[in-house]
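Colleague: Please read through the structure below; I'll follow up with questions.
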Protein chains: 2
Amino acid sequence: MNRPAVLGFCGALLLLAACGRWPASKPAAKDVATAAAAAVDSKYGLAGWAPPSNDSIPKDSLGNSIRRGLFILRHTRDSLPNYAPSSLNCTSCHLEDGTRLEAAPLTGSFARFPKYMPRAGAVVPLADRVNYCFTRSLAGNRLPVESREMQDILAYLAYISTGVPVGTKIAGAKGLLDPPDTLSGDKARGEKVFAGTCSACHGADGQGMPGIPALWGPRSFSIGASMARVERAASFVQRNMPLGQGGTLSWQEAFDVAAFINSHPRPDSPGKEGDWPLGGAPADVPYATAGHVAFNPPASLVPRKNPSLALVPAPEPVHR
Amino acid sequence: MNRPAVLGFCGALLLLAACGRWPASKPAAKDVATAAAAAVDSKYGLAGWAPPSNDSIPKDSLGNSIRRGLFILRHTRDSLPNYAPSSLNCTSCHLEDGTRLEAAPLTGSFARFPKYMPRAGAVVPLADRVNYCFTRSLAGNRLPVESREMQDILAYLAYISTGVPVGTKIAGAKGLLDPPDTLSGDKARGEKVFAGTCSACHGADGQGMPGIPALWGPRSFSIGASMARVERAASFVQRNMPLGQGGTLSWQEAFDVAAFINSHPRPDSPGKEGDWPLGGAPADVPYATAGHVAFNPPASLVPRKNPSLALVPAPEPVHR
């Protein structure tokens, strides 16, 4: 168990002691069934899928690339400060080195790209999807696709996709699993949930601590991250937070605390008005796009230093 | 059947009429067994693997990308004259739209990269491998990895890899299948084979015709292409030539004609002296590399116009 996990786990124990409440040990059966149905085969469902262990990474040049990719995912900020300047690492959201199916799993990702992404309005490769994380969730800059680091990240994603047939979508392939219902979050109620449940690790001011991400402000994820949508954040919180104790909060509490977290200022996301260019933005997207009115946007956003570096253009034709 | 295939087939018929000899209908059983053993599972062996049909390409945005990629493979020169100026298209070598397992198959390629390539001395992604084709086999220029065209090519490669588990090597994954034995080719004998068997389509001067590639000279593949190695060329010729009539020539005839074809001048391949940087070049590589003496090099090479564009650097770290 690495340090952030230990801290999170201790935080969760402290919280449990304070609240006198024990977490549910498993997600509700209904959620599991929904997720499994989304997978092509039960072998690739929530209950069935077992990605290869990090202990089995080969001891050769390819294995070295895979391991470098893994360590970049765990230590993104330290490894690539010019590209990931926020307080987040990849594994802040993609828990258990990207293998936790309830936390936007990266396992299987190599088999499901390229794909059409409605937000981009284009068919995009996995490298671009990784760069959406760098520019949006890590509030950083686009990592050159041909760089060793990007290729190492992709080598790790291929490794944890070993055995998944190309074109198959495993459980969690669409990102965070849908909540059982879409609830209305109340930020005043959420503030109380935050103080009681989240602040032990993330701080009363939401700014985290070493290894624990800031949840708002200039060092947090940008407004263009999926996590800035209340429903997505609620899914992550209910199933995964407090760290190691997913299922502790009720869905209403999760929506409330997500509404509270996302009511705060955070980094802007350059070009966000061009998302979902053909329309169809989900209802809770907190900024205006084609045919969509911003849902509960924060009062202000933190400008980005180099907006052009934070853009991931869709692939364009070359001059023949 | 497209025009080149028709021409090739007619040429083969003419040849057969001239020679009064009928081709073998199947590769020898020994070859099949060797290739199948190389695959992880007989489902992915020479006899078992069936890639998805082009008729099943989805009718959506991803399908459009896949179809564009397919058409670029078939019409590389017409589609991308600045990148593929030779007389070759991708499908000149990768027969049957890259699905013929005896002709350096592209089917399954999406599942076996990234991988360590001894020639490059590095772990490389599939896009770089495609660019080795552009710069070496097509004697052209590196296609920008983030371009729509490269991404469309990769989308097609993913499509014809559908169902292959990530990390699995199907039959032909190493490129052209090994010949049953390595024979010594004689270019004088090969000249006669060429005149009798190949010149009907490729021309007495080896310069091809529309849709039929030049086999030497400035419009042919470069010295850095696998096809410039006698053993690789012999494998391709014996199993696939005359077009549609693989197995016609004996292995000795194939080695002889390969030696004749590869005795001629062809485009240079910038940076070739850096191939196999850790040593281990195959015996028939026709240029000098670390610890390797050029094997039967042509008397001269055709210089490249923009050598720097013909290089595919291995992934390098970014400035952090």
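Chain labels A, B, ... are given in the sequence in which chains occur in the structure tokens; within each chain residues are numbered consecutively from 1, and ligands are likewise numbered from 1 in the order shown.
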Report the residues of stretch 85-250 of chain A whose backbone DSSP state falls under strand (DSSP E or B), written as JSON, numbers by chain.
Modeller: {"A": [115, 116, 117, 122, 123, 124, 147, 165, 209, 212]}
Colleague: Using all heavy atoms, can you write the selected residues to a file as a tab-separated table (two decimals), in the first residue's frame?
Modeller:
```tsv
chain	number	residue	atom	x	y	z
A	115	LYS	N	-11.95	5.51	-31.09
A	115	LYS	CA	-13.41	5.51	-31.07
A	115	LYS	C	-13.92	6.93	-31.29
A	115	LYS	O	-13.17	7.90	-31.15
A	115	LYS	CB	-13.92	4.92	-29.76
A	115	LYS	CG	-13.76	5.80	-28.54
A	115	LYS	CD	-14.45	5.16	-27.33
A	115	LYS	CE	-14.46	6.08	-26.12
A	115	LYS	NZ	-15.05	5.44	-24.93
A	116	TYR	N	-15.19	7.00	-31.64
A	116	TYR	CA	-15.83	8.30	-31.80
A	116	TYR	C	-16.20	8.82	-30.42
A	116	TYR	O	-16.84	8.13	-29.63
A	116	TYR	CB	-17.09	8.17	-32.66
A	116	TYR	CG	-17.82	9.49	-32.82
A	116	TYR	CD1	-17.35	10.45	-33.72
A	116	TYR	CD2	-18.94	9.79	-32.07
A	116	TYR	CE1	-17.99	11.66	-33.87
A	116	TYR	CE2	-19.60	11.01	-32.20
A	116	TYR	CZ	-19.12	11.94	-33.11
A	116	TYR	OH	-19.76	13.15	-33.25
A	117	MET	N	-15.77	10.06	-30.12
A	117	MET	CA	-16.13	10.68	-28.85
A	117	MET	C	-17.05	11.87	-29.12
A	117	MET	O	-16.61	12.86	-29.73
A	117	MET	CB	-14.88	11.13	-28.09
A	117	MET	CG	-14.08	9.97	-27.52
A	117	MET	SD	-12.74	10.57	-26.43
A	117	MET	CE	-13.68	11.35	-25.09
A	122	ALA	N	-15.30	13.71	-32.95
A	122	ALA	CA	-14.30	13.13	-33.86
A	122	ALA	C	-13.91	11.73	-33.37
A	122	ALA	O	-14.11	11.40	-32.20
A	122	ALA	CB	-13.06	14.01	-33.93
A	123	VAL	N	-13.36	10.96	-34.29
A	123	VAL	CA	-12.75	9.67	-33.95
A	123	VAL	C	-11.34	9.97	-33.44
A	123	VAL	O	-10.55	10.61	-34.15
A	123	VAL	CB	-12.69	8.75	-35.18
A	123	VAL	CG1	-11.90	7.48	-34.87
A	123	VAL	CG2	-14.11	8.39	-35.63
A	124	VAL	N	-11.06	9.56	-32.22
A	124	VAL	CA	-9.78	9.92	-31.61
A	124	VAL	C	-9.03	8.68	-31.13
A	124	VAL	O	-9.64	7.69	-30.73
A	124	VAL	CB	-9.96	10.90	-30.42
A	124	VAL	CG1	-10.57	12.21	-30.90
A	124	VAL	CG2	-10.78	10.28	-29.32
A	147	SER	N	6.46	11.32	-27.72
A	147	SER	CA	7.46	11.31	-26.64
A	147	SER	C	7.56	9.92	-26.01
A	147	SER	O	6.62	9.13	-26.03
A	147	SER	CB	7.09	12.33	-25.55
A	147	SER	OG	5.88	11.96	-24.92
A	165	PRO	N	-9.96	-8.72	-26.16
A	165	PRO	CA	-9.97	-8.69	-27.64
A	165	PRO	C	-10.17	-7.27	-28.16
A	165	PRO	O	-11.00	-6.51	-27.62
A	165	PRO	CB	-11.16	-9.59	-27.99
A	165	PRO	CG	-11.38	-10.45	-26.79
A	165	PRO	CD	-11.00	-9.60	-25.61
A	209	MET	N	-3.44	17.35	0.68
A	209	MET	CA	-2.14	17.30	1.36
A	209	MET	C	-1.24	16.49	0.44
A	209	MET	O	-1.69	15.99	-0.60
A	209	MET	CB	-2.27	16.66	2.75
A	209	MET	CG	-2.77	15.24	2.75
A	209	MET	SD	-2.72	14.47	4.40
A	209	MET	CE	-4.24	15.04	5.14
A	212	ILE	N	-2.69	13.69	-1.69
A	212	ILE	CA	-4.16	13.80	-1.67
A	212	ILE	C	-4.54	15.04	-2.48
A	212	ILE	O	-4.11	16.14	-2.15
A	212	ILE	CB	-4.70	13.97	-0.23
A	212	ILE	CG1	-4.17	12.87	0.70
A	212	ILE	CG2	-6.23	14.05	-0.24
A	212	ILE	CD1	-4.81	11.53	0.53
```
Colleague: Write out as JSON, numbers by chain the residues lying within 9 Å of B:Ala188, counting only C-alpha atoms and excluding same-chain residues fewer than 5 positions away.
Modeller: {"B": [256, 257, 259, 260]}
Colleague: Write a file of the just-selected residues containing all heavy atoms, as a PDB file, in the first residue's frame.
Modeller:
```pdb
ATOM      1  N   ASP B 256      16.577 -17.347 -56.163  1.00  0.00           N
ATOM      2  CA  ASP B 256      17.338 -16.857 -57.312  1.00  0.00           C
ATOM      3  C   ASP B 256      16.763 -15.531 -57.822  1.00  0.00           C
ATOM      4  O   ASP B 256      17.500 -14.569 -58.062  1.00  0.00           O
ATOM      5  CB  ASP B 256      17.324 -17.905 -58.437  1.00  0.00           C
ATOM      6  CG  ASP B 256      18.155 -19.137 -58.100  1.00  0.00           C
ATOM      7  OD1 ASP B 256      18.974 -19.060 -57.148  1.00  0.00           O
ATOM      8  OD2 ASP B 256      17.976 -20.168 -58.776  1.00  0.00           O
ATOM      9  N   VAL B 257      15.460 -15.480 -57.989  1.00  0.00           N
ATOM     10  CA  VAL B 257      14.870 -14.259 -58.539  1.00  0.00           C
ATOM     11  C   VAL B 257      14.966 -13.119 -57.524  1.00  0.00           C
ATOM     12  O   VAL B 257      15.149 -11.958 -57.894  1.00  0.00           O
ATOM     13  CB  VAL B 257      13.427 -14.507 -59.036  1.00  0.00           C
ATOM     14  CG1 VAL B 257      12.421 -14.532 -57.897  1.00  0.00           C
ATOM     15  CG2 VAL B 257      13.048 -13.443 -60.074  1.00  0.00           C
ATOM     16  N   ALA B 259      17.470 -12.732 -55.494  1.00  0.00           N
ATOM     17  CA  ALA B 259      18.863 -12.263 -55.603  1.00  0.00           C
ATOM     18  C   ALA B 259      19.026 -11.376 -56.830  1.00  0.00           C
ATOM     19  O   ALA B 259      19.729 -10.347 -56.792  1.00  0.00           O
ATOM     20  CB  ALA B 259      19.812 -13.462 -55.681  1.00  0.00           C
ATOM     21  N   PHE B 260      18.360 -11.744 -57.945  1.00  0.00           N
ATOM     22  CA  PHE B 260      18.428 -10.922 -59.153  1.00  0.00           C
ATOM     23  C   PHE B 260      17.785  -9.552 -58.915  1.00  0.00           C
ATOM     24  O   PHE B 260      18.389  -8.504 -59.203  1.00  0.00           O
ATOM     25  CB  PHE B 260      17.727 -11.644 -60.314  1.00  0.00           C
ATOM     26  CG  PHE B 260      17.558 -10.789 -61.535  1.00  0.00           C
ATOM     27  CD1 PHE B 260      18.667 -10.415 -62.305  1.00  0.00           C
ATOM     28  CD2 PHE B 260      16.300 -10.334 -61.921  1.00  0.00           C
ATOM     29  CE1 PHE B 260      18.513  -9.616 -63.435  1.00  0.00           C
ATOM     30  CE2 PHE B 260      16.145  -9.531 -63.044  1.00  0.00           C
ATOM     31  CZ  PHE B 260      17.251  -9.171 -63.796  1.00  0.00           C
TER      32      PHE B 260
END
```
Colleague: Atom CA of A:Ala258 and atom CA of A:Ala233, how far apart in Å?
Modeller: 5.6 Å
Colleague: Mind dumping a table of every chain B residue within 8 Å of chain A, with the nearest atom pair and its distance in Å to one decimal, using only C-alpha atoms, sorted by chain and rising number, as CSV?
Modeller:
```
residue,atom,partner,partner_atom,distance
B:Ser61,CA,A:Tyr116,CA,6.5
B:Leu62,CA,A:Tyr116,CA,5.9
B:Ser65,CA,A:Val123,CA,7.3
B:Ser79,CA,A:Arg320,CA,7.1
B:Leu80,CA,A:Arg320,CA,5.0
B:Pro81,CA,A:Arg320,CA,6.2
B:Asn82,CA,A:Arg320,CA,5.7
B:Tyr83,CA,A:Arg320,CA,7.6
B:Phe110,CA,A:Val166,CA,7.7
B:Ala111,CA,A:Val166,CA,6.8
B:Pro114,CA,A:Ala155,CA,6.2
B:Lys115,CA,A:Leu62,CA,6.2
B:Tyr116,CA,A:Leu62,CA,5.9
B:Ala122,CA,A:Ser61,CA,7.6
B:Val123,CA,A:Leu62,CA,6.0
B:Val124,CA,A:Gln151,CA,7.8
B:Pro125,CA,A:Gln151,CA,7.0
B:Pro144,CA,A:Val318,CA,7.7
B:Val145,CA,A:Glu146,CA,7.7
B:Glu146,CA,A:Pro315,CA,5.7
B:Ser147,CA,A:Pro315,CA,5.1
B:Arg148,CA,A:Pro315,CA,4.5
B:Glu149,CA,A:Pro317,CA,6.1
B:Gln151,CA,A:Pro125,CA,7.0
B:Ala155,CA,A:Pro114,CA,6.2
B:Ala158,CA,A:Val166,CA,7.0
B:Tyr159,CA,A:Gly167,CA,7.7
B:Ser161,CA,A:Val166,CA,6.2
B:Thr162,CA,A:Val166,CA,4.7
B:Gly163,CA,A:Pro165,CA,4.5
B:Val164,CA,A:Pro165,CA,4.8
B:Pro165,CA,A:Pro165,CA,3.7
B:Val166,CA,A:Thr162,CA,4.7
B:Gly167,CA,A:Thr162,CA,5.4
B:Thr168,CA,A:Gly163,CA,7.4
B:Pro315,CA,A:Arg148,CA,4.5
B:Glu316,CA,A:Arg148,CA,4.8
B:Pro317,CA,A:Arg148,CA,4.7
B:Val318,CA,A:Ser147,CA,6.0
B:Arg320,CA,A:Leu80,CA,5.1
```
Colleague: Tell me which protein, DNA and RNA residues are within 9 Å of B:Gly224, counting only C-alpha atoms, leaving out same-chain ones fewer than 6 positions away, and put them as a PyMOL selection string.
Modeller: chain B and resi 132+135-137+139+267-270+272+285-287
Colleague: How would the residues just chosen look if you wrote them out with N, CA and C atoms as a PDB file, in the first residue's frame?
Modeller:
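Below is the file that was written, result.pdb:
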```
ATOM      1  N   TYR B 132       7.812   3.220 -40.664  1.00  0.00           N
ATOM      2  CA  TYR B 132       8.925   2.488 -41.291  1.00  0.00           C
ATOM      3  C   TYR B 132       8.525   2.059 -42.699  1.00  0.00           C
ATOM      4  N   THR B 135       8.694   5.242 -44.933  1.00  0.00           N
ATOM      5  CA  THR B 135      10.035   5.747 -45.225  1.00  0.00           C
ATOM      6  C   THR B 135      10.926   4.715 -45.923  1.00  0.00           C
ATOM      7  N   ARG B 136      10.688   3.441 -45.681  1.00  0.00           N
ATOM      8  CA  ARG B 136      11.563   2.387 -46.215  1.00  0.00           C
ATOM      9  C   ARG B 136      10.913   1.672 -47.406  1.00  0.00           C
ATOM     10  N   SER B 137       9.768   1.041 -47.177  1.00  0.00           N
ATOM     11  CA  SER B 137       9.172   0.232 -48.244  1.00  0.00           C
ATOM     12  C   SER B 137       8.541   1.112 -49.312  1.00  0.00           C
ATOM     13  N   ALA B 139       9.616   4.152 -49.745  1.00  0.00           N
ATOM     14  CA  ALA B 139      10.712   5.084 -50.068  1.00  0.00           C
ATOM     15  C   ALA B 139      10.223   6.530 -50.016  1.00  0.00           C
ATOM     16  N   PRO B 267      16.381   3.159 -54.118  1.00  0.00           N
ATOM     17  CA  PRO B 267      16.565   4.320 -53.227  1.00  0.00           C
ATOM     18  C   PRO B 267      17.342   3.966 -51.965  1.00  0.00           C
ATOM     19  N   ASP B 268      18.161   4.892 -51.541  1.00  0.00           N
ATOM     20  CA  ASP B 268      18.880   4.752 -50.271  1.00  0.00           C
ATOM     21  C   ASP B 268      17.885   4.838 -49.108  1.00  0.00           C
ATOM     22  N   SER B 269      18.313   4.475 -47.925  1.00  0.00           N
ATOM     23  CA  SER B 269      17.495   4.573 -46.715  1.00  0.00           C
ATOM     24  C   SER B 269      18.309   5.316 -45.659  1.00  0.00           C
ATOM     25  N   PRO B 270      18.031   6.610 -45.500  1.00  0.00           N
ATOM     26  CA  PRO B 270      18.851   7.418 -44.579  1.00  0.00           C
ATOM     27  C   PRO B 270      18.880   6.821 -43.167  1.00  0.00           C
ATOM     28  N   LYS B 272      20.363   4.144 -42.227  1.00  0.00           N
ATOM     29  CA  LYS B 272      20.342   2.663 -42.174  1.00  0.00           C
ATOM     30  C   LYS B 272      21.518   2.088 -41.389  1.00  0.00           C
ATOM     31  N   VAL B 285      21.143  -8.775 -44.609  1.00  0.00           N
ATOM     32  CA  VAL B 285      20.909  -7.330 -44.665  1.00  0.00           C
ATOM     33  C   VAL B 285      21.945  -6.724 -45.626  1.00  0.00           C
ATOM     34  N   PRO B 286      21.492  -5.987 -46.667  1.00  0.00           N
ATOM     35  CA  PRO B 286      22.405  -5.566 -47.742  1.00  0.00           C
ATOM     36  C   PRO B 286      23.152  -4.272 -47.453  1.00  0.00           C
ATOM     37  N   TYR B 287      23.307  -3.909 -46.187  1.00  0.00           N
ATOM     38  CA  TYR B 287      24.091  -2.724 -45.823  1.00  0.00           C
ATOM     39  C   TYR B 287      24.752  -2.994 -44.476  1.00  0.00           C
TER      40      TYR B 287
END
```
Colleague: Hey, what's within 9 Å of stretch 94-107 of chain A if we count only C-alpha atoms and toss same-chain stuff fewer than 4 positions away? As a VMD selection string, please?
Modeller: chain A and resid 45 to 46 49 to 51 70 73 to 74 89 to 90 157 to 162 164 170 to 177 235 to 236 239 to 240
Colleague: Return the single residue from A:Asn296, A:Ala195, A:Ser86, A:Pro180 that is closest to A:Cys133, with distances computed using only C-alpha atoms.
Modeller: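 Going through A:Asn296, A:Ala195, A:Ser86, A:Pro180 one by one, the smallest distance to A:Cys133 is for A:Ser86.
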Colleague: Write out as an mmCIF file with C-alpha atoms, in the first residue's frame the residues lying within 9 Å of B:Pro265, counting only C-alpha atoms and excluding same-chain residues fewer than 2 positions away.
Modeller:
```
data_model
loop_
_atom_site.group_PDB
_atom_site.id
_atom_site.type_symbol
_atom_site.label_atom_id
_atom_site.label_comp_id
_atom_site.auth_asym_id
_atom_site.auth_seq_id
_atom_site.Cartn_x
_atom_site.Cartn_y
_atom_site.Cartn_z
ATOM 1 C CA TRP B 216 14.182 -1.673 -58.631
ATOM 2 C CA GLY B 217 15.265 1.809 -59.587
ATOM 3 C CA PRO B 218 14.213 5.184 -58.134
ATOM 4 C CA ILE B 223 17.437 -0.557 -49.489
ATOM 5 C CA ASN B 262 17.902 -7.135 -55.171
ATOM 6 C CA SER B 263 21.116 -6.854 -57.182
ATOM 7 C CA PRO B 267 16.565 4.320 -53.227
ATOM 8 C CA ASP B 268 18.880 4.752 -50.271
ATOM 9 C CA PRO B 297 24.847 -4.750 -51.851
ATOM 10 C CA PRO B 298 23.745 -3.220 -55.171
ATOM 11 C CA ALA B 299 26.482 -1.353 -57.051
ATOM 12 C CA SER B 300 24.850 2.006 -56.288
ATOM 13 C CA LEU B 301 21.919 3.606 -54.498
ATOM 14 C CA VAL B 302 19.611 6.485 -55.471
#
```
